[in-house]
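Written out below as structure tokens is the structure these notes cover.
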Amino acid sequence: MREGYRVNCKTWICFVLFLSSGLMPLAAQVPANHPKIAKPPSVRSDSIDDQTARSLSQPGLKPVPIRNFIDEFIFGKIKKDGIPHAGLATDEEFLRRIYLDLTGRLPEPDVIRKFLANKDQTKREKLIDELIATPMKGQIEKLESPFLDRWTYFFGDLFRTNAGDMDRGRNLFRDYLYLALLDNVPYNQIVKEMLTASARSNWVDGPANFLVRDHVDDFNDVKINQEDTYDEIAVTTSKVFLGVNLECVSCHSGKGHLEKIDLGLSRVDREKVWRQGAFFSKLWVDRPYSIGQEMTLLEQGKGYDLSSRSVRRMPRYETKLEPEFILGGERPRPGEPWREAFGRILTEHPQFARATVNLIWAELLGVGIVDPPFGFDLERQDPAHPPRAPWMIQPTHPELLNALAKDFQTHSFDLRHLIRLIVNSSTYQLSSHFEGEWKESYAPYFVKHFVHRLSAEMICDAICQGTGIFNEIPILYSDKKVKYVLQTYSPDDLGGQESLRQLLQFLGQGNRDSVDRDVSGSMVQASALLNSKFVKERIKIQEKGRLHNLLNHEPPLSNDEIVDELFLSFLARFPRPSERQVALGTLQQRHGQGLEDLAWSLINKADFILNH
């Protein structure tokens, strides 16, 4: 068969399957600009029972149970404002979502069949516990936990773990995060350990690499500019741990610049950023051994020097300068080491818990209660003290955000508890399918699950998992090799995987340095999936691959069974009648080649790259 004809056949199959899937209206339900529309007046949440939930559900939908206090707040507000909501996700919909969110992987066909056949009313809660469970401890090289892989990668992104800025310290830092999640170390303790780390070399101490990441080279590109480094640490820690981005006010004061952007930051002067950075001014970051990225972090600093010349920002000026926390102005206790004081003050402040729970909420539901998660305007958080018009309260559910933060603190900053709490809620388990007319004004109420694109890493891992064709990816500075992108230590590991690396870049993978992650969709990304060498290599029938196994199964599989297996493998659901008809026709006409064409078409269906 001519190559041109094969491409045309694939394109036609993909187009027909796409039209028959009903996914176009689903994709259209993605909230286009949630931060702008998520500004309705906040209300107090009232506890409601199943009878009330039944009356609020759309006609013909089963009642949505109230599983925890999250649902009380969400459905209480829905009840008060008379907003319709979606029903619960089907078992198929839930299973795919929970596997991707908790493990970054698709459920295998046998897992799907077993789950759908299970009549246990508590099977969702049991599955969540199973996916989150700590694996049996042993040698770290032998541990298998997709949950740990997925969330270690998440925090690696958050803390910008990469070889370019950490060199060999990257592996130690990644393993430190993995083991901390394995042991379920309280998040506040992890943060304190990173903030107070000291080391003769970041190549022998994992958590020391968090602070090393923000070093700033001076004009000679060899010596470290200490004050710029303190400023960068202040910006990073405030953004990541408080949800407040100080980047603008670190260069100029907010007054006269940010009144129309952020009320809270419009009241912040540059001096406050310097005082935040001064907590780290007894730290001396140096490169004594080479011109590479092996560094020391020792308590040998002389304090924040306002007369130093910056390579990043406008000139500094003289002012009163002592360590002072940017929220509330708390200072170190007498005799308390400054970095220890910062770790204590930061993690005890309510905004630390609020920012953390909001970040995890956004990762699991696609949109934060405050969105974007690193854009908290602290002057617009309290419904009891609303900002002046035309500004409105920023969180969609301020009381829920506070309740989640308090619960997180009460449970000793337990990340697994927080994740389990959110995904067990009916709010998380709502369907993304909304019957009836959708209005943008419904979006802030979380009345359905928001459709959002999978990360570049998840998409590429799903391609490998669906086809059963994996490449071994070597981990830098080690003899370790992995199968999944989410098992890598950072994007640096993909240097030798050219077709994979290119596809990941097209799909918006960041580099944890100068290129931010992008999960928006584009025609370029669609074209990349259609024509990617990485995809074409994996849809070929190869020994030990899924397609080969389907064709050579004993006893032989019928075309119907092959179609079911393909849809379960790639989309984690059975085909719809119209999809089955197209797929069967393709297999009947061109059995082996048709199988490859179907796999290619399923990868290019909208719901393959969406979390819904």
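Within each chain, counting starts at residue 1; across the structure tokens, chains are named A, B, ... in the order shown, with ligands numbered 1 upward in that order.
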
Quiz item: If you count only C-alpha atoms, which residues fall within 6 Å of region 365-378 of chain A, apart from same-chain ones fewer than 6 positions away, as a PyMOL selection string?
Solution: chain A and resi 35+239+243-244+262+264+358-359+395-396

Write a file of the selected residues as a short mmCIF file (atom, residue, chain, number, x, y, z; two decimals), in the first residue's frame, keeping N, CA and C atoms.
data_model
loop_
_atom_site.label_atom_id
_atom_site.label_comp_id
_atom_site.auth_asym_id
_atom_site.auth_seq_id
_atom_site.Cartn_x
_atom_site.Cartn_y
_atom_site.Cartn_z
N PRO A 35 -9.68 32.70 35.89
CA PRO A 35 -9.42 33.80 36.83
C PRO A 35 -10.34 35.00 36.62
N LYS A 239 6.89 32.58 46.46
CA LYS A 239 6.02 32.10 45.38
C LYS A 239 5.57 30.66 45.63
N GLY A 243 2.40 31.30 47.67
CA GLY A 243 1.55 31.62 46.54
C GLY A 243 1.60 33.09 46.16
N VAL A 244 2.62 33.80 46.62
CA VAL A 244 2.75 35.25 46.37
C VAL A 244 4.01 35.48 45.55
N ASP A 262 -2.62 43.86 41.45
CA ASP A 262 -2.59 43.12 42.71
C ASP A 262 -2.59 44.12 43.85
N GLY A 264 -2.61 43.64 47.09
CA GLY A 264 -1.67 43.31 48.16
C GLY A 264 -0.26 43.74 47.83
N ASN A 358 -4.23 24.82 48.08
CA ASN A 358 -4.73 25.36 46.82
C ASN A 358 -3.94 24.82 45.64
N LEU A 359 -2.63 24.65 45.82
CA LEU A 359 -1.78 24.11 44.76
C LEU A 359 -2.16 22.66 44.43
N PRO A 395 -10.75 34.22 46.11
CA PRO A 395 -11.07 32.79 46.10
C PRO A 395 -12.52 32.56 45.71
N THR A 396 -12.78 31.51 44.95
CA THR A 396 -14.17 31.16 44.64
C THR A 396 -14.89 30.67 45.88
#

Quiz prompt | 8 Å contact set for region 484-499 of chain A, only C-alpha atoms, chain neighbours under 5 positions out, as an MDAnalysis selection string | solution = chainID A and resid 104 149:150 153 156 161:164 170:171 174 457:458 460:461 470 473:476 510:512 532:534

Practice problem: Return the single residue from A:Leu547, A:Thr229, A:Lys481, A:Gln505 that is closest to Ala528 (chain A), with distances computed using only C-alpha atoms. | Solution: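 Smallest separation from Ala528 (chain A) among the options: A:Gln505.
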
Practice problem: Please provide the set of residues having any atom within 12 Å of Glu130 (chain A), restricted to only C-alpha atoms, with same-chain residues fewer than 6 positions apart removed, written as a list of chain:residue names. | Solution: A:Ile98, A:Tyr99, A:Leu102, A:Thr103, A:Lys123, A:Arg124, A:Ser145, A:Pro146, A:Phe147, A:Arg420

Practice problem: Quick one: everything within 9 Å of region 580-586 of chain A, counting only C-alpha atoms, minus sequence neighbours fewer than 3 positions away in the same chain. Send it as a list of chain:residue names. | Solution: A:Ile13, A:Val16, A:Leu17, A:Asn559, A:Asp560, A:Val563, A:Asp564, A:Phe574, A:Pro575, A:Arg576, A:Pro577, A:Gln589, A:Arg590, A:His591, A:Gln593, A:Gly594, A:Leu595, A:Asp597, A:Leu598

Exercise. Tell me, in Å to one decimal, how far CA of Val64 (chain A) is from CA of Phe570 (chain A).
Key: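 Separation between CA of Val64 (chain A) and CA of Phe570 (chain A): 28.9 Å.
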
Exercise. Could you give me, as a list in words, the residues within 9 Å of Thr236 (chain A), counting only C-alpha atoms and dropping anything in the same chain fewer than 6 positions from it?
Key: Phe159, Asp214, Asn245, Leu246 and Glu247 of chain A

Quiz item: If you run DSSP on the backbone, which residues of region 192-324 of chain A are helix (DSSP H, G or I), as a ChimeraX atom specification?
Solution: /A:192-195,208-212,226-242,248-250,265-267,270-278

Filtering to N, CA and C atoms, could you give me those residues as a compact mmCIF listing (two decimals), in the first residue's frame?
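This is the output file part27.txt:
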# COMPACT_ATOMS: atom_id res chain seq x y z
N LYS A 192 11.20 22.84 55.90
CA LYS A 192 12.21 23.30 56.86
C LYS A 192 13.58 22.70 56.57
N GLU A 193 13.62 21.41 56.22
CA GLU A 193 14.89 20.76 55.93
C GLU A 193 15.57 21.39 54.71
N MET A 194 14.79 21.77 53.72
CA MET A 194 15.37 22.41 52.54
C MET A 194 15.86 23.82 52.87
N LEU A 195 15.11 24.55 53.68
CA LEU A 195 15.46 25.94 53.98
C LEU A 195 16.67 26.06 54.90
N ALA A 208 20.14 20.38 50.25
CA ALA A 208 20.91 21.61 50.04
C ALA A 208 20.72 22.15 48.63
N ASN A 209 20.31 21.30 47.70
CA ASN A 209 20.17 21.73 46.31
C ASN A 209 18.97 22.64 46.08
N PHE A 210 18.03 22.66 47.01
CA PHE A 210 16.91 23.59 46.86
C PHE A 210 17.40 25.03 46.87
N LEU A 211 18.27 25.38 47.81
CA LEU A 211 18.79 26.74 47.89
C LEU A 211 19.84 27.00 46.81
N VAL A 212 20.64 25.99 46.48
CA VAL A 212 21.64 26.14 45.42
C VAL A 212 20.97 26.55 44.10
N GLN A 226 26.09 37.25 46.23
CA GLN A 226 25.37 36.78 47.41
C GLN A 226 24.02 37.48 47.58
N GLU A 227 24.00 38.82 47.44
CA GLU A 227 22.74 39.55 47.68
C GLU A 227 21.69 39.20 46.64
N ASP A 228 22.09 39.07 45.38
CA ASP A 228 21.13 38.64 44.36
C ASP A 228 20.61 37.23 44.67
N THR A 229 21.49 36.39 45.20
CA THR A 229 21.06 35.05 45.59
C THR A 229 20.03 35.11 46.71
N TYR A 230 20.24 35.98 47.70
CA TYR A 230 19.27 36.11 48.78
C TYR A 230 17.92 36.59 48.23
N ASP A 231 17.98 37.55 47.29
CA ASP A 231 16.74 38.05 46.69
C ASP A 231 16.00 36.93 45.95
N GLU A 232 16.76 36.13 45.19
CA GLU A 232 16.12 35.05 44.43
C GLU A 232 15.50 34.02 45.36
N ILE A 233 16.17 33.71 46.46
CA ILE A 233 15.60 32.77 47.43
C ILE A 233 14.32 33.35 48.03
N ALA A 234 14.31 34.65 48.32
CA ALA A 234 13.11 35.29 48.86
C ALA A 234 11.96 35.20 47.87
N VAL A 235 12.24 35.43 46.59
CA VAL A 235 11.20 35.37 45.56
C VAL A 235 10.68 33.95 45.41
N THR A 236 11.58 32.98 45.31
CA THR A 236 11.18 31.59 45.11
C THR A 236 10.36 31.06 46.28
N THR A 237 10.86 31.26 47.51
CA THR A 237 10.16 30.71 48.67
C THR A 237 8.79 31.36 48.86
N SER A 238 8.67 32.64 48.57
CA SER A 238 7.38 33.31 48.71
C SER A 238 6.39 32.81 47.65
N LYS A 239 6.89 32.58 46.46
CA LYS A 239 6.02 32.10 45.38
C LYS A 239 5.57 30.66 45.63
N VAL A 240 6.54 29.79 45.90
CA VAL A 240 6.25 28.36 46.00
C VAL A 240 5.51 28.01 47.28
N PHE A 241 5.85 28.66 48.40
CA PHE A 241 5.29 28.27 49.68
C PHE A 241 4.19 29.19 50.19
N LEU A 242 4.05 30.39 49.62
CA LEU A 242 3.00 31.32 50.04
C LEU A 242 2.05 31.68 48.90
N CYS A 248 8.04 41.25 40.71
CA CYS A 248 7.93 42.67 40.32
C CYS A 248 8.44 43.59 41.42
N VAL A 249 8.00 43.34 42.65
CA VAL A 249 8.35 44.26 43.73
C VAL A 249 9.77 44.05 44.21
N SER A 250 10.48 43.05 43.71
CA SER A 250 11.89 42.91 44.05
C SER A 250 12.74 43.89 43.25
N LEU A 265 0.20 43.41 46.63
CA LEU A 265 1.56 43.76 46.23
C LEU A 265 1.73 45.25 45.97
N SER A 266 0.64 45.96 45.69
CA SER A 266 0.76 47.41 45.48
C SER A 266 1.19 48.12 46.76
N ARG A 267 1.09 47.43 47.89
CA ARG A 267 1.49 47.99 49.18
C ARG A 267 2.85 47.49 49.65
N ARG A 270 10.27 47.65 48.09
CA ARG A 270 11.44 46.81 47.84
C ARG A 270 12.11 46.41 49.15
N GLU A 271 12.08 47.31 50.13
CA GLU A 271 12.74 47.02 51.40
C GLU A 271 12.20 45.76 52.05
N LYS A 272 10.90 45.49 51.87
CA LYS A 272 10.30 44.30 52.47
C LYS A 272 10.87 43.03 51.83
N VAL A 273 11.15 43.10 50.54
CA VAL A 273 11.76 41.95 49.87
C VAL A 273 13.17 41.74 50.40
N TRP A 274 13.93 42.82 50.59
CA TRP A 274 15.29 42.69 51.13
C TRP A 274 15.26 42.12 52.54
N ARG A 275 14.28 42.54 53.34
CA ARG A 275 14.19 42.00 54.70
C ARG A 275 13.82 40.52 54.68
N GLN A 276 13.00 40.13 53.70
CA GLN A 276 12.70 38.71 53.54
C GLN A 276 13.97 37.95 53.15
N GLY A 277 14.74 38.51 52.23
CA GLY A 277 15.99 37.88 51.83
C GLY A 277 17.03 37.86 52.92
N ALA A 278 16.95 38.83 53.84
CA ALA A 278 17.95 38.93 54.91
C ALA A 278 17.94 37.71 55.83

Exercise. Write out as a PyMOL selection string all residues of region 68-267 of chain A that backbone DSSP assigns to strand (DSSP E or B).
Key: chain A and resi 85+88+199+217+224

Practice problem: To one decimal in Å, tell me the separation between CA of Phe115 (chain A) and CA of Phe94 (chain A). | Solution: 10.5 Å

Self-check item: Surrounding residues of Thr196 (chain A) excluding itself and chain neighbours under 4 positions, 8 Å, only C-alpha atoms, as a list in words
Solution: Lys192, Arg339, Glu340 and Gly343 of chain A

Could you save the residues just selected, with N, CA and C atoms, as a PDB file, in the first residue's frame?
ATOM      1  N   LYS A 192      11.205  22.836  55.900  1.00  0.00           N
ATOM      2  CA  LYS A 192      12.211  23.299  56.856  1.00  0.00           C
ATOM      3  C   LYS A 192      13.580  22.699  56.567  1.00  0.00           C
ATOM      4  N   ARG A 339      17.812  31.361  59.423  1.00  0.00           N
ATOM      5  CA  ARG A 339      17.107  30.463  58.498  1.00  0.00           C
ATOM      6  C   ARG A 339      16.133  29.554  59.240  1.00  0.00           C
ATOM      7  N   GLU A 340      16.501  29.119  60.445  1.00  0.00           N
ATOM      8  CA  GLU A 340      15.566  28.331  61.240  1.00  0.00           C
ATOM      9  C   GLU A 340      14.342  29.168  61.593  1.00  0.00           C
ATOM     10  N   GLY A 343      12.107  29.288  58.517  1.00  0.00           N
ATOM     11  CA  GLY A 343      11.365  28.044  58.348  1.00  0.00           C
ATOM     12  C   GLY A 343      10.225  27.921  59.339  1.00  0.00           C
TER      13      GLY A 343
END

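Proximity of A:Leu179, A:Ile70, A:Leu158, A:Val482 to Leu404 (chain A), computed with only C-alpha atoms, is greatest for A:Ile70.
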
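Closest approach to Pro444 (chain A) among A:Gln394, A:Ala197, A:Asp167, A:Trp284 is made by A:Gln394 (distances from only C-alpha atoms).
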
Practice problem: May I have the residues within 12 Å of region 400-402 of chain A as a ChimeraX atom specification, using only C-alpha atoms and disregarding those fewer than 5 positions away in the same chain? | Solution: /A:42-46,68-77,350-362,368-370,381-383,394-395,407-409,422,445

Restricted to N, CA and C atoms, what would the selected residues look like written as a compact mmCIF listing (two decimals), in the first residue's frame?
# COMPACT_ATOMS: atom_id res chain seq x y z
N SER A 42 -18.83 35.65 47.59
CA SER A 42 -18.68 34.44 48.40
C SER A 42 -19.84 34.30 49.37
N VAL A 43 -20.19 33.06 49.70
CA VAL A 43 -21.29 32.81 50.63
C VAL A 43 -20.83 31.79 51.65
N ARG A 44 -21.52 31.74 52.75
CA ARG A 44 -21.21 30.74 53.77
C ARG A 44 -21.77 29.40 53.31
N SER A 45 -21.00 28.36 53.47
CA SER A 45 -21.44 27.03 53.05
C SER A 45 -22.33 26.41 54.12
N ASP A 46 -23.43 25.79 53.68
CA ASP A 46 -24.33 25.10 54.59
C ASP A 46 -24.25 23.61 54.33
N ASN A 68 -17.67 14.48 52.35
CA ASN A 68 -16.84 15.12 53.36
C ASN A 68 -17.11 16.62 53.35
N PHE A 69 -16.36 17.36 54.14
CA PHE A 69 -16.66 18.79 54.28
C PHE A 69 -16.43 19.57 52.99
N ILE A 70 -15.62 19.04 52.10
CA ILE A 70 -15.45 19.70 50.79
C ILE A 70 -16.80 19.79 50.10
N ASP A 71 -17.53 18.68 50.09
CA ASP A 71 -18.83 18.65 49.43
C ASP A 71 -19.84 19.55 50.15
N GLU A 72 -19.73 19.64 51.45
CA GLU A 72 -20.64 20.52 52.18
C GLU A 72 -20.49 21.97 51.72
N PHE A 73 -19.25 22.40 51.56
CA PHE A 73 -19.01 23.77 51.10
C PHE A 73 -19.43 23.96 49.63
N ILE A 74 -19.00 23.04 48.77
CA ILE A 74 -19.27 23.19 47.33
C ILE A 74 -20.75 23.12 47.04
N PHE A 75 -21.42 22.07 47.54
CA PHE A 75 -22.84 21.91 47.22
C PHE A 75 -23.72 22.83 48.05
N GLY A 76 -23.19 23.29 49.20
CA GLY A 76 -23.92 24.29 49.96
C GLY A 76 -24.04 25.60 49.18
N LYS A 77 -22.96 26.00 48.53
CA LYS A 77 -22.99 27.22 47.73
C LYS A 77 -23.85 27.03 46.48
N PRO A 350 -0.62 30.88 58.44
CA PRO A 350 -1.76 30.25 57.76
C PRO A 350 -1.65 30.25 56.24
N GLN A 351 -0.96 31.24 55.67
CA GLN A 351 -0.87 31.31 54.22
C GLN A 351 -0.06 30.17 53.64
N PHE A 352 0.86 29.61 54.41
CA PHE A 352 1.62 28.45 53.94
C PHE A 352 0.69 27.28 53.69
N ALA A 353 -0.19 26.99 54.62
CA ALA A 353 -1.15 25.89 54.45
C ALA A 353 -2.15 26.22 53.35
N ARG A 354 -2.62 27.46 53.30
CA ARG A 354 -3.59 27.86 52.27
C ARG A 354 -3.00 27.70 50.87
N ALA A 355 -1.77 28.16 50.69
CA ALA A 355 -1.13 28.08 49.38
C ALA A 355 -0.90 26.62 48.98
N THR A 356 -0.52 25.78 49.93
CA THR A 356 -0.24 24.38 49.62
C THR A 356 -1.49 23.63 49.22
N VAL A 357 -2.56 23.75 50.00
CA VAL A 357 -3.79 23.02 49.66
C VAL A 357 -4.37 23.52 48.35
N ASN A 358 -4.23 24.82 48.08
CA ASN A 358 -4.73 25.36 46.82
C ASN A 358 -3.94 24.82 45.64
N LEU A 359 -2.63 24.65 45.82
CA LEU A 359 -1.78 24.11 44.76
C LEU A 359 -2.16 22.66 44.43
N ILE A 360 -2.37 21.85 45.45
CA ILE A 360 -2.76 20.45 45.22
C ILE A 360 -4.16 20.38 44.65
N TRP A 361 -5.06 21.23 45.12
CA TRP A 361 -6.42 21.30 44.57
C TRP A 361 -6.36 21.60 43.07
N ALA A 362 -5.57 22.59 42.68
CA ALA A 362 -5.46 22.97 41.27
C ALA A 362 -4.90 21.83 40.43
N GLY A 368 -7.53 26.20 40.42
CA GLY A 368 -7.41 26.44 41.85
C GLY A 368 -8.61 27.18 42.41
N ILE A 369 -8.80 27.08 43.72
CA ILE A 369 -9.78 27.92 44.40
C ILE A 369 -9.33 29.37 44.27
N VAL A 370 -8.03 29.59 44.36
CA VAL A 370 -7.39 30.83 43.91
C VAL A 370 -6.60 30.46 42.68
N GLN A 381 -8.80 38.28 50.19
CA GLN A 381 -9.03 36.92 50.66
C GLN A 381 -10.16 36.80 51.67
N ASP A 382 -10.51 37.87 52.36
CA ASP A 382 -11.42 37.79 53.50
C ASP A 382 -12.79 38.37 53.15
N PRO A 383 -13.83 37.55 53.06
CA PRO A 383 -15.17 38.07 52.76
C PRO A 383 -15.68 39.06 53.81
N GLN A 394 -11.07 37.19 45.89
CA GLN A 394 -10.36 36.37 44.90
C GLN A 394 -10.72 34.89 44.94
N PRO A 395 -10.75 34.22 46.11
CA PRO A 395 -11.07 32.79 46.10
C PRO A 395 -12.52 32.56 45.71
N ASP A 407 -7.50 21.87 58.15
CA ASP A 407 -7.46 20.41 58.19
C ASP A 407 -6.06 19.90 57.88
N PHE A 408 -5.38 20.54 56.94
CA PHE A 408 -4.01 20.18 56.59
C PHE A 408 -3.08 20.37 57.79
N GLN A 409 -3.25 21.46 58.50
CA GLN A 409 -2.46 21.70 59.70
C GLN A 409 -2.78 20.69 60.80
N ILE A 422 -9.28 15.11 48.95
CA ILE A 422 -9.82 15.76 47.75
C ILE A 422 -10.42 14.75 46.78
N TYR A 445 -18.27 27.60 40.48
CA TYR A 445 -18.94 26.76 41.47
C TYR A 445 -18.42 25.32 41.48

Quiz item: Please, what distance in Å, to one decimal, runs between CA of Leu100 (chain A) and CA of Asp129 (chain A)?
Solution: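 Between CA of Leu100 (chain A) and CA of Asp129 (chain A) the gap works out to 14.9 Å.
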